[in-house]
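**Student:** Mind having a look at this structure? Questions to follow.
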Amino acid sequence: MSTTATLASLTDSDRMADPNWWRQAAVYQIYPRSFSDSNGDGLGDIKGITAKVPYLKELGIDAVWLSPFYPSALADGGYDVDDYRNVDPRLGTLEDFDEMAAALHQAGIKLIVDIVPNHSSNRHEWFQEALKSPKGSAARDRYIFRDGRGENGELPPSDWDSVFGGPAWERVTEPDGAPGQWYMHIFAKEQPDLNWANREIRDDFLKTLRFWSDRGVDGFRIDVAHALTKDMAEPLPSKAQLQTKYNTGVDGFVDGSHPYWDRDEVHEIYAEWRQLFNEYNPPRTAVAEAWVHPDRRARYASPEGLGQAFNFDLLQADFDAEQFRTIITKNLGEASASGASSTWVFSNHDVVRHATRYGLPLAEAADQAEIMAGQAGKKWLLDGGKLEDVDVELGLRRARAASLLMFALPGSAYLYQGEELGLQEVGDIADSERQDPTFFRNKGVDVGRDGCRVPLPWENNGSSFGFGEATAHLPQPEWFGGFAVAAQDGVEGSTLELYRAALALRSQLQAAEELEWIPTADSDVLHFVRPGGWHTVTNFGTEPVELPAGTVVVSSGPLDLGDGSTGGKLPGATTAWIVA
Ligand code: GLC
């Protein structure tokens, strides 16, 4: 397909065969445990997803990205994988998976699965073998084991912190019962880091990628793609030395020499993966989750590497015209220079939902641009996360405007389940109900990410709002029913109908991966046009502004069209698509 052809002229089967399908895809992230529960155990499952394929088809997405569904103790919501080539029995079987993949494909929807290569779970057979094996053994070499410091090895090999809080090392008891070596875990202690210097690990992941590709999986989302290779040469630098050298924060790691973040050698791994992906027709795709300095993102997204990398810049920005314009221009430039297509994302399973972020009081909104998105809204959450402290109406209005703007951008749009309902974050989950390891490891500092993982409301009422027959595994608040699919289906002006309309139009209007900015009289207003005359105007301010000439084909909120002739107004926090 040439990139100038509109996607509307393609049939489902053309789209499925198109090697460039991913470049401007709308990808819908499913967090399987919280999507739909088919067997009444309170946990979402694979059959639940299959049952909702008609819903996904009607929504108009191009692909589903499935967060981990592998056997797991759920120490980190499934990102602690026991077995990379199987399905968690609580979620279904491999046959259920095949059935789901077939149903999605039949509906013209691609399937992307999450691959978690930085760490396995501590229940993985490799780790269990390592615990039973002596120091220096081949089994231990699959992970990062080191002797401790101090007279009796009682101190961790370095003072590094885990991302989830607490130390990045855990001491083991040796098979003879003596206190033993330490293993590294950048995340929870149930997630020991794998040793990617070991060829066996590399080969085994190639086998995993082939296993899912052979089953018809179309692409992969690579978890923590920037941490796989490590320089563990001793003496290990201290936290203070690293902070001085890298000026703290991921943005400081610009030269590839940090011991574990964003090292240059990691790309050797992805070059090998790319060869494997290209053996398939159409080639398998991949998107890196790499929280790296924006200038180093292109390496992950290059055609010789994974092909795409998440760009979290808009997710970290305020609802602000200038910030949006700068980010969009920079990322489109970088994507075209590297041959990748850009990605856009406002919400995922790690951050406070954008309909809530945009409604937080201003002081907190200012904080969120300064901290990693995983902690956005942290202050609000720590203050009790009450919905009454959020300006829900404003948050939703801005979220709808931002999403409609995103759908008009060249590149692919990643959406997170529930955002099509304008769903709000559940901030006030009782401590006794929380599941996220960041809550347990970082007491009092971080309440964690459970609030965006509460199971979806499908019906206005009922025990779990139609999620399933049992009580959902994370508590759903009473107000959830107001956001349910049933409350919005067919309702003019609902967020669900807005997403459906926008995604349908997006595929008709989609054009070459370019945009041109049109100057505006008001600095709060952004206006761009895609080839073929598809205009997008967003008013980030509060006062209505003149709409440009043309036919409005969709808007994120009501417009003031006066008597219906030209000269209508675009209210604040609203986006309109106009065909000139
Ligand atoms: C990624 C995932 C997050 C997980 C972490 C460790 O950031 O998105 O949910 O906790 O990796 O696997």
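Within each chain, counting starts at residue 1; across the structure tokens, chains are named A, B, ... in the order shown, with ligands numbered 1 upward in that order.
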For ligand 1, return the neighbouring residues as a list in words (distance at most 7 Å; only C-alpha atoms and all ligand atoms).
**Tutor:**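 Residues lying within 7 Å of ligand 1: Asp76, Tyr79, Asp80, Val116, Phe187, Asp223, Val224, His349 and Asp350 of chain A.
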**Student:** Where in stretch 77-217 of chain A does DSSP assign strand (DSSP E or B), given as a count of residues only?
**Tutor:** 27
**Student:** Nearest to A:Phe69 among A:Asn86, A:Asn311, A:Asn331, A:Ser120, with distances taken over only C-alpha atoms: which residue is it?
**Tutor:**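 Ranking A:Asn86, A:Asn311, A:Asn331, A:Ser120 by distance to A:Phe69, first place goes to A:Asn86.
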**Student:** Could you tell me which of A:Tyr499, A:Trp65, A:Phe346, A:Phe480 comes closest to A:Ser463 if we count only C-alpha atoms?
**Tutor:** A:Phe480
**Student:** May I ask which of the residues A:Leu315, A:Ile49, A:Ala504, A:Val537 is the closest one to A:Pro519, counting only C-alpha atoms?
**Tutor:**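 Distance minimum relative to A:Pro519 lands on A:Val537.
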**Student:** Just how far from atom CA of A:Ser38 is atom CA of A:Glu469, in Å to one decimal?
**Tutor:**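 Going from atom CA of A:Glu469 over to atom CA of A:Ser38 covers 8.1 Å.
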**Student:** Apply DSSP to the structure's backbone, then extract all residues of stretch 22-178 of chain A labelled helix (DSSP H, G or I) and return them as a PyMOL selection string.
**Tutor:** chain A and resi 22-24+32-34+46-51+53-59+94-106+125-132+140-142
**Student:** Using only C-alpha atoms, which residue out of A:Gly44, A:Pro531, A:Pro117, A:Gly466 lies closest to A:Leu209?
**Tutor:**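 Closest to A:Leu209, using only C-alpha atoms: A:Pro117.
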**Student:** Just checking: using only C-alpha atoms, which residue out of A:Val163, A:Val553, A:Leu91, A:Val217 ends up closest to A:Gly448?
**Tutor:**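 Under the stated criterion, the closest residue is A:Val163.
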**Student:** Counting only C-alpha atoms, which of A:Glu125, A:Asp62, A:Asp218, A:Asp320 gets nearest to A:Asp83?
**Tutor:** A:Glu125
**Student:** Do you have the atom CA of A:Glu154-atom CA of A:Ser238 distance handy?
**Tutor:** 16.8 Å
**Student:** Between atom CA of A:Tyr55 and atom CA of A:Arg500, what is the distance in Å, rounded to a tenth?
**Tutor:**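 Atom-to-atom, atom CA of A:Tyr55 to atom CA of A:Arg500, that is 10.3 Å.
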